[in-house]
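Following: one structure in structure tokens, then a few remarks.
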Amino acid sequence: MTELRHTVASTEAGQRLDRVLRGAAPELSRAALQKAVQAGHCLVDGLPETRPDAKTRAGQTLLLRLPETATTLQAEEGHLELLWQDAHMVVCNKPAGLTVHPCPSCPEHTLVQRLLSQFPQLGRLEGQRPGIVHRLDKDTSGILVVALTEQDRLTLSEAFALREVHKEYLALVAGVPPAEGECREPVGRHPTAKVKMAVVPESRGGRSAHTEWRTLWVAPDERFALLAVRIHTGRTHQIRVHMAHIGHPLLGDKLYAPKNVQALANRQMLHAWRISFVHPATGAPMHFSCPPPDDMLAAAVRGCRRMRRVVVTGNPGSGKSAFTRCLADLGAPTFSADAAVAQLYAPQGEAAQWIGRFGGAALLTPQGAVDKTALMEAMRTNPSLRREVETVVHSLTRNALEAFWENQEAQGAPVAVAEVPLYFETGWQTAFMPRPHVVGVHCPLAVRARRIEENRGWTKDKVEAIEGWQWDEKRKMAACDTVVNNDGSLEALQGQAEAFFAALQGREQEGEQALAQHLDELWR
């Protein structure tokens with residue numbers, strides 16, 4: 001039993017009993033004092049008084065006897081990362097996976113019960129969530145402020161209600177939102193799913209909600225982005241609902257994201273990053289920040305870990321195919337643009353059917369395949385025909401290449417190689433995302449000409465014609481990321497393939513380390 005004894009001062013005369021008691025015991029809420037008076041725990045000059053609004057007189061002796069509050073909360077041992085503590089409040093970094101306070105679905109193993117073990121004074125506050133002035137979802141990590149007295153709880157709760165607290169989160173979201181933006185759609189209970197919130201008109205129970213964001217970083221392939229999100233209101237699941245509503249759900253969000261976005265992380269990638277408010281007792285400005293846990297950094301790095309796309313290109317006779325075979329021997333799946341075109345030119349192939357309709361039977365063999373000799377001659381004499389054929393064939397080949405890369409990535413291949421002689425000439429250097437690493441195979445023209453004559457039997461005119469349709473070799477090599485010189489033996493080319501393969505893997509590791517460092521600098 002706790003007793004409070006107070007003599008009514010002349011300045012307090014005429015005031016309500018509960019107001020005078022509140023002045024004498026500011027750590028207790030007015031509601032708690034009213035309940036105590038109504039329950040018969042207050043004596044005025046030795047007589048019971050059960051009316052909280054009873055008027056007081058100067059000199060009266062007030063005796064309030066408060067029974068110890070029984071609570072079902074049990075203190076539990078557990079790790080706490082404290083950013084601040086004093087007699088009035090605690091600021092902690094809540095880990096993901098920890099519920100803030102007990103509820104029917106989680107009656108124990110909560111943050112509140114861990115706090116009770118270190119701050120037993122919380123046990124003097126009523127309810128199942130003593131000191132809690134704001135909350136974070138179980139799987140959201142970050143900064144949480146907890147009051148240690150009833151007066152401080154009331155003061156902080158009022159600051160949150162008046163939107164005097166500045167809260168900012170870090171979020172990994174699918175896609176790329178505008179650099180800056182806001183959502184003001186009202187949020188309420190989902191009309192059919194009890195565990196979800198939704199954008200709901202205020203006329204149907206939705207409450208006003210205001211979320212702002214700015215984009216801090218975008219993944220290289222633009223599959224997701226890192227946002228700094230400020231909320232001006234504190235609706236349940238507000239950020240998750242608003243970001244899903246504008247088409248950019250949080251990575252790993254099991255409630256509001258589609259399955260392919262859920263699969264990108266093991267929880268919703270949301271972290272309470274920064275908070276600013278006024279100290280409830282001293283009035284001093286308080287500012288706290290806390291970088292996200294390792295799983296958020298790991299999700300960002302892992303999300304950028306895409307299969308490495310490699311293009312091998314070069315002029316006729318340079319050794320593109322030989323270098324591609326060397327990479328295949330090292331385990332890389334390969335694609336040949338020439339082989340894809342051969343399929344298109346085969347009987348019943350898409351290009352063969354189109355060319356037959358466009359150019360007639362003169363450009364086809366009796367079996368219905370493209371007559372390459374006839375087509376070559378026709379394109380040499382008719383530039384318009386050549387442009388038409390190239391547009392169609394290049395488009396179909398590009399689709400086949402994209403399908404190859406997507407299939408290999410789905411199968412988990414770390415790298416996939418495509419031999420594309422006309423990669424630059426077709427303008428494909430801007431056609432693919434993520435951008436491939438381009439290897440140019442270089443060989444002096446004299447050596448290339450000899451190889452072509454020996455291996456393919458091309459005439460000098462044909463070599464000059466095809467060479468004329470391509471970029472100058474010097475220009476082509478300058479546009480490549482890596483240049484391989486192939487004026488020596490096959491063994492030497494194999495050695496260069498092995499060195500390239502090893503360097504590619506090293507660059508991947510360096511890239512991930514650089515990304516991790518960059519992100520770490522962004523949020524510290």
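In the structure tokens, each chain is lettered A, B, ... as it comes, each chain's residues begin at 1, and ligands are numbered from 1 in order of appearance.
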Write out as an mmCIF file with C-alpha atoms, in the first residue's frame which residues come within 8 Å of A:Arg57 when counting only C-alpha atoms, dropping same-chain ones fewer than 2 positions away.
data_model
loop_
_atom_site.group_PDB
_atom_site.id
_atom_site.type_symbol
_atom_site.label_atom_id
_atom_site.label_comp_id
_atom_site.auth_asym_id
_atom_site.auth_seq_id
_atom_site.Cartn_x
_atom_site.Cartn_y
_atom_site.Cartn_z
ATOM 1 C CA VAL A 8 -4.663 21.757 0.741
ATOM 2 C CA SER A 10 -4.890 28.391 0.053
ATOM 3 C CA GLU A 12 -5.659 25.230 -4.180
ATOM 4 C CA ALA A 13 -8.911 26.040 -2.380
ATOM 5 C CA GLY A 14 -11.989 25.543 -4.559
ATOM 6 C CA LYS A 55 -14.359 20.955 -4.146
ATOM 7 C CA GLY A 59 -6.280 23.372 5.338
ATOM 8 C CA GLN A 60 -7.996 20.103 4.537
#
At a cut-off of 9 Å, can you tabulate as a Markdown table every residue of stretch 352-442 of chain A near stretch 475-487 of chain A together with its closest atom pair and the distance in Å to one decimal, using only C-alpha atoms and ordering rows by chain then number?
| residue | atom | partner | partner_atom | distance |
| --- | --- | --- | --- | --- |
| A:Phe424 | CA | A:Lys476 | CA | 7.4 |
| A:His437 | CA | A:Asp481 | CA | 6.2 |
| A:Val438 | CA | A:Cys480 | CA | 5.2 |
| A:Val439 | CA | A:Thr482 | CA | 4.8 |
| A:Gly440 | CA | A:Val483 | CA | 4.7 |
| A:Val441 | CA | A:Val484 | CA | 4.8 |
| A:His442 | CA | A:Asn485 | CA | 4.9 |
Which of stretch 259-352 of chain A DSSP labels strand (DSSP E or B), written as a list in words:
Leu270, His271, Ala272, Trp273, Arg274, Ile275, Ser276, Phe277, Val278, Pro285, Met286, His287, Phe288, Ser289, Arg308, Arg309, Val310, Val311, Val312, Thr313, Thr334, Phe335 and Ser336 of chain A
Taking N, CA and C atoms for each residue, export the selection above as an mmCIF file, in the first residue's frame.
data_model
loop_
_atom_site.group_PDB
_atom_site.id
_atom_site.type_symbol
_atom_site.label_atom_id
_atom_site.label_comp_id
_atom_site.auth_asym_id
_atom_site.auth_seq_id
_atom_site.Cartn_x
_atom_site.Cartn_y
_atom_site.Cartn_z
ATOM 1 N N LEU A 270 12.334 -2.602 -43.206
ATOM 2 C CA LEU A 270 11.954 -1.314 -42.641
ATOM 3 C C LEU A 270 12.670 -1.146 -41.298
ATOM 4 N N HIS A 271 13.312 0.013 -41.133
ATOM 5 C CA HIS A 271 14.102 0.281 -39.927
ATOM 6 C C HIS A 271 13.868 1.713 -39.471
ATOM 7 N N ALA A 272 13.486 1.873 -38.208
ATOM 8 C CA ALA A 272 13.316 3.211 -37.632
ATOM 9 C C ALA A 272 14.705 3.805 -37.398
ATOM 10 N N TRP A 273 15.071 4.735 -38.239
ATOM 11 C CA TRP A 273 16.450 5.198 -38.379
ATOM 12 C C TRP A 273 16.771 6.395 -37.496
ATOM 13 N N ARG A 274 15.884 7.379 -37.503
ATOM 14 C CA ARG A 274 16.142 8.629 -36.773
ATOM 15 C C ARG A 274 14.895 9.076 -36.028
ATOM 16 N N ILE A 275 15.112 9.755 -34.909
ATOM 17 C CA ILE A 275 13.993 10.346 -34.181
ATOM 18 C C ILE A 275 14.479 11.607 -33.473
ATOM 19 N N SER A 276 13.652 12.626 -33.447
ATOM 20 C CA SER A 276 13.953 13.886 -32.768
ATOM 21 C C SER A 276 12.715 14.313 -31.986
ATOM 22 N N PHE A 277 12.926 14.754 -30.742
ATOM 23 C CA PHE A 277 11.813 15.197 -29.911
ATOM 24 C C PHE A 277 12.380 16.027 -28.755
ATOM 25 N N VAL A 278 11.504 16.563 -27.939
ATOM 26 C CA VAL A 278 11.901 17.358 -26.777
ATOM 27 C C VAL A 278 11.827 16.477 -25.538
ATOM 28 N N PRO A 285 16.287 19.529 -26.533
ATOM 29 C CA PRO A 285 16.099 18.803 -27.792
ATOM 30 C C PRO A 285 16.908 17.507 -27.780
ATOM 31 N N MET A 286 16.279 16.421 -28.212
ATOM 32 C CA MET A 286 16.914 15.105 -28.239
ATOM 33 C C MET A 286 16.923 14.596 -29.680
ATOM 34 N N HIS A 287 18.069 14.085 -30.125
ATOM 35 C CA HIS A 287 18.209 13.555 -31.482
ATOM 36 C C HIS A 287 18.926 12.204 -31.406
ATOM 37 N N PHE A 288 18.359 11.192 -32.033
ATOM 38 C CA PHE A 288 18.977 9.875 -32.037
ATOM 39 C C PHE A 288 18.946 9.302 -33.453
ATOM 40 N N SER A 289 19.987 8.554 -33.776
ATOM 41 C CA SER A 289 20.022 7.829 -35.056
ATOM 42 C C SER A 289 20.671 6.480 -34.808
ATOM 43 N N ARG A 308 26.023 -12.662 -63.983
ATOM 44 C CA ARG A 308 26.861 -11.788 -64.793
ATOM 45 C C ARG A 308 26.654 -12.103 -66.269
ATOM 46 N N ARG A 309 26.197 -11.122 -67.022
ATOM 47 C CA ARG A 309 25.988 -11.283 -68.456
ATOM 48 C C ARG A 309 27.251 -10.834 -69.195
ATOM 49 N N VAL A 310 27.713 -11.671 -70.083
ATOM 50 C CA VAL A 310 28.920 -11.366 -70.849
ATOM 51 C C VAL A 310 28.600 -11.459 -72.339
ATOM 52 N N VAL A 311 29.040 -10.473 -73.089
ATOM 53 C CA VAL A 311 28.927 -10.476 -74.552
ATOM 54 C C VAL A 311 30.329 -10.561 -75.131
ATOM 55 N N VAL A 312 30.521 -11.468 -76.092
ATOM 56 C CA VAL A 312 31.777 -11.569 -76.828
ATOM 57 C C VAL A 312 31.515 -11.084 -78.243
ATOM 58 N N THR A 313 32.287 -10.094 -78.676
ATOM 59 C CA THR A 313 32.094 -9.533 -80.012
ATOM 60 C C THR A 313 33.444 -9.295 -80.674
ATOM 61 N N THR A 334 26.504 -20.819 -72.907
ATOM 62 C CA THR A 334 26.764 -19.867 -73.997
ATOM 63 C C THR A 334 25.600 -19.803 -74.980
ATOM 64 N N PHE A 335 25.559 -18.688 -75.684
ATOM 65 C CA PHE A 335 24.546 -18.409 -76.701
ATOM 66 C C PHE A 335 25.269 -17.863 -77.916
ATOM 67 N N SER A 336 24.843 -18.266 -79.083
ATOM 68 C CA SER A 336 25.427 -17.763 -80.323
ATOM 69 C C SER A 336 24.363 -17.040 -81.132
#
Just the residues within 10 Å of A:Val199, please, counting only C-alpha atoms, with nothing from its chain fewer than 2 positions along; format it as a count of residues only.
20
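The two atoms in question, atom CA of A:Arg267 and atom CA of A:Gly247, are spaced 18.4 Å apart.
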Would you pick out the contacts of A:Leu47 at 12 Å or less, using only C-alpha atoms, so that residues sharing its chain but fewer than 5 positions from it are not included, and give the list as a PyMOL selection string?
chain A and resi 40-42+60-64
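The residue set within 10 Å of A:Ile143, counting only C-alpha atoms and dropping same-chain residues fewer than 3 places from it, reads Glu81, Leu82, Leu83, Val91, Cys92, Asn93, Lys94, Pro95, Arg135, Leu136, Thr140, Lys167, Glu168, Tyr169, His271, Ala272, Trp273, Arg274, Ile275, Phe288, Ser289, Cys290, Pro291 and Pro292 of chain A.
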Residues near stretch 397-410 of chain A, anyone? I mean within 9 Å using only C-alpha atoms, not counting same-chain ones fewer than 6 positions away, as a PyMOL selection string.
chain A and resi 306-309+333-338+340-341+344+416-418+428+431-432
Go ahead and dump the residues you just picked, N, CA, C and O atoms, as a CSV table (one decimal), in the first residue's frame.
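Resulting contents of again.csv:
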chain,number,residue,atom,x,y,z
A,306,ARG,N,23.3,-10.3,-59.3
A,306,ARG,CA,22.7,-10.8,-60.5
A,306,ARG,C,23.7,-11.7,-61.2
A,306,ARG,O,24.9,-11.6,-61.1
A,307,MET,N,23.1,-12.6,-62.0
A,307,MET,CA,24.0,-13.4,-62.9
A,307,MET,C,24.7,-12.4,-63.8
A,307,MET,O,24.2,-11.4,-64.3
A,308,ARG,N,26.0,-12.7,-64.0
A,308,ARG,CA,26.9,-11.8,-64.8
A,308,ARG,C,26.7,-12.1,-66.3
A,308,ARG,O,26.9,-13.2,-66.7
A,309,ARG,N,26.2,-11.1,-67.0
A,309,ARG,CA,26.0,-11.3,-68.5
A,309,ARG,C,27.3,-10.8,-69.2
A,309,ARG,O,27.8,-9.8,-68.9
A,333,PRO,N,27.5,-21.3,-69.5
A,333,PRO,CA,26.5,-21.5,-70.6
A,333,PRO,C,26.6,-20.4,-71.6
A,333,PRO,O,26.9,-19.3,-71.3
A,334,THR,N,26.5,-20.8,-72.9
A,334,THR,CA,26.8,-19.9,-74.0
A,334,THR,C,25.6,-19.8,-75.0
A,334,THR,O,24.8,-20.7,-75.1
A,335,PHE,N,25.6,-18.7,-75.7
A,335,PHE,CA,24.5,-18.4,-76.7
A,335,PHE,C,25.3,-17.9,-77.9
A,335,PHE,O,26.2,-17.1,-77.8
A,336,SER,N,24.8,-18.3,-79.1
A,336,SER,CA,25.4,-17.8,-80.3
A,336,SER,C,24.4,-17.0,-81.1
A,336,SER,O,23.3,-17.6,-81.5
A,337,ALA,N,24.6,-15.8,-81.4
A,337,ALA,CA,23.7,-15.0,-82.2
A,337,ALA,C,23.6,-15.6,-83.6
A,337,ALA,O,22.5,-15.7,-84.2
A,338,ASP,N,24.8,-16.1,-84.2
A,338,ASP,CA,24.8,-16.7,-85.5
A,338,ASP,C,23.9,-17.9,-85.5
A,338,ASP,O,23.2,-18.2,-86.5
A,340,ALA,N,21.4,-18.6,-83.5
A,340,ALA,CA,20.0,-18.1,-83.4
A,340,ALA,C,19.5,-17.7,-84.8
A,340,ALA,O,18.3,-18.0,-85.1
A,341,VAL,N,20.3,-17.0,-85.5
A,341,VAL,CA,19.9,-16.5,-86.9
A,341,VAL,C,19.7,-17.7,-87.8
A,341,VAL,O,18.8,-17.8,-88.6
A,344,LEU,N,16.4,-19.1,-87.3
A,344,LEU,CA,15.4,-18.2,-87.9
A,344,LEU,C,15.4,-18.4,-89.4
A,344,LEU,O,14.3,-18.2,-90.0
A,416,ALA,N,26.7,-16.1,-67.8
A,416,ALA,CA,26.2,-16.6,-69.0
A,416,ALA,C,26.8,-15.8,-70.2
A,416,ALA,O,26.8,-14.5,-70.1
A,417,VAL,N,27.3,-16.4,-71.2
A,417,VAL,CA,28.0,-15.7,-72.3
A,417,VAL,C,27.3,-15.8,-73.6
A,417,VAL,O,26.7,-16.8,-74.0
A,418,ALA,N,27.2,-14.7,-74.3
A,418,ALA,CA,26.6,-14.6,-75.6
A,418,ALA,C,27.6,-14.1,-76.6
A,418,ALA,O,28.2,-13.0,-76.4
A,428,TRP,N,22.6,-2.6,-79.4
A,428,TRP,CA,22.1,-3.4,-78.3
A,428,TRP,C,22.9,-3.0,-77.0
A,428,TRP,O,22.5,-3.4,-75.9
A,431,ALA,N,20.3,-2.0,-74.8
A,431,ALA,CA,19.1,-2.8,-74.8
A,431,ALA,C,18.8,-3.7,-73.6
A,431,ALA,O,17.7,-4.1,-73.4
A,432,PHE,N,19.9,-4.0,-72.9
A,432,PHE,CA,19.7,-5.0,-71.8
A,432,PHE,C,20.0,-4.3,-70.4
A,432,PHE,O,20.8,-3.5,-70.3
Got a sec: who's within 12 Å of A:Thr155, counting only C-alpha atoms, leaving out chain neighbours fewer than 5 positions off, as a PyMOL selection string?
chain A and resi 26-27+29+88-89+131-133+146-150+160-162+164-165+277-283
N, CA, C and O atoms of the current selection, written as a compact mmCIF listing (two decimals), in the first residue's frame:
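Full text of part.txt as output:
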# COMPACT_ATOMS: atom_id res chain seq x y z
N PRO A 26 2.29 14.23 -9.40
CA PRO A 26 2.29 14.39 -10.86
C PRO A 26 2.70 13.13 -11.62
O PRO A 26 2.47 13.04 -12.83
N GLU A 27 3.30 12.15 -10.92
CA GLU A 27 3.72 10.93 -11.62
C GLU A 27 2.53 10.03 -11.93
O GLU A 27 2.66 9.06 -12.70
N SER A 29 -1.42 9.49 -13.36
CA SER A 29 -2.33 10.09 -14.33
C SER A 29 -3.62 10.52 -13.63
O SER A 29 -4.00 9.97 -12.58
N HIS A 88 13.77 9.43 -16.58
CA HIS A 88 12.49 9.73 -17.21
C HIS A 88 12.16 8.83 -18.41
O HIS A 88 10.99 8.58 -18.69
N MET A 89 13.17 8.38 -19.10
CA MET A 89 12.88 7.62 -20.32
C MET A 89 14.07 6.76 -20.72
O MET A 89 15.19 6.92 -20.23
N GLY A 131 4.66 2.44 -20.20
CA GLY A 131 5.70 3.31 -20.75
C GLY A 131 5.75 3.41 -22.26
O GLY A 131 6.50 4.23 -22.80
N ILE A 132 4.95 2.62 -22.97
CA ILE A 132 5.01 2.61 -24.44
C ILE A 132 4.24 3.81 -24.98
O ILE A 132 3.04 3.96 -24.73
N VAL A 133 4.92 4.66 -25.72
CA VAL A 133 4.30 5.86 -26.29
C VAL A 133 4.18 5.78 -27.81
O VAL A 133 3.50 6.59 -28.43
N VAL A 146 10.69 4.83 -24.70
CA VAL A 146 9.84 4.29 -23.63
C VAL A 146 9.92 5.21 -22.42
O VAL A 146 11.01 5.54 -21.95
N ALA A 147 8.75 5.63 -21.91
CA ALA A 147 8.71 6.49 -20.71
C ALA A 147 8.82 5.62 -19.46
O ALA A 147 8.32 4.50 -19.42
N LEU A 148 9.46 6.16 -18.43
CA LEU A 148 9.65 5.41 -17.19
C LEU A 148 8.71 5.85 -16.08
O LEU A 148 8.64 5.18 -15.04
N THR A 149 8.01 6.97 -16.27
CA THR A 149 7.02 7.42 -15.28
C THR A 149 5.73 7.77 -16.00
O THR A 149 5.73 8.02 -17.22
N GLU A 150 4.64 7.83 -15.25
CA GLU A 150 3.35 8.14 -15.87
C GLU A 150 3.34 9.56 -16.42
O GLU A 150 2.81 9.82 -17.50
N PHE A 160 3.68 13.08 -29.39
CA PHE A 160 3.38 12.26 -30.57
C PHE A 160 2.04 12.65 -31.17
O PHE A 160 1.90 12.77 -32.40
N ALA A 161 1.04 12.86 -30.31
CA ALA A 161 -0.30 13.20 -30.81
C ALA A 161 -0.31 14.54 -31.53
O ALA A 161 -1.03 14.72 -32.52
N LEU A 162 0.51 15.47 -31.05
CA LEU A 162 0.57 16.80 -31.67
C LEU A 162 1.56 16.84 -32.84
O LEU A 162 1.80 17.91 -33.40
N GLU A 164 4.76 16.48 -32.87
CA GLU A 164 5.96 17.24 -32.55
C GLU A 164 7.21 16.35 -32.54
O GLU A 164 8.30 16.82 -32.24
N VAL A 165 7.02 15.09 -32.84
CA VAL A 165 8.13 14.14 -32.90
C VAL A 165 8.47 13.86 -34.36
O VAL A 165 7.59 13.54 -35.16
N PHE A 277 12.93 14.75 -30.74
CA PHE A 277 11.81 15.20 -29.91
C PHE A 277 12.38 16.03 -28.75
O PHE A 277 13.60 16.16 -28.61
N VAL A 278 11.50 16.56 -27.94
CA VAL A 278 11.90 17.36 -26.78
C VAL A 278 11.83 16.48 -25.54
O VAL A 278 10.86 15.73 -25.34
N HIS A 279 12.85 16.54 -24.70
CA HIS A 279 12.88 15.74 -23.47
C HIS A 279 11.65 16.05 -22.63
O HIS A 279 11.31 17.22 -22.42
N PRO A 280 10.94 15.02 -22.15
CA PRO A 280 9.68 15.27 -21.44
C PRO A 280 9.82 16.03 -20.13
O PRO A 280 8.85 16.65 -19.66
N ALA A 281 10.99 16.01 -19.52
CA ALA A 281 11.17 16.69 -18.24
C ALA A 281 11.98 17.96 -18.36
O ALA A 281 11.62 19.00 -17.79
N THR A 282 13.07 17.93 -19.13
CA THR A 282 13.97 19.08 -19.19
C THR A 282 13.67 20.03 -20.34
O THR A 282 14.11 21.18 -20.32
N GLY A 283 12.94 19.55 -21.34
CA GLY A 283 12.68 20.38 -22.51
C GLY A 283 13.83 20.48 -23.47
O GLY A 283 13.77 21.21 -24.47
DSSP alpha helix (DSSP H) residues within stretch 277-365 of chain A, listed as an MDAnalysis selection string:
chainID A and resid 294:304 320:329 337:345 350:359
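Coordinates place atom CA of A:Leu490 at a distance of 18.6 Å from atom CA of A:Ala502.
If you measure from each of A:Cys183, A:Ile239, A:Ala332, A:Ile452 to A:Ala413 using only C-alpha atoms, the closest one turns out to be A:Ala332.
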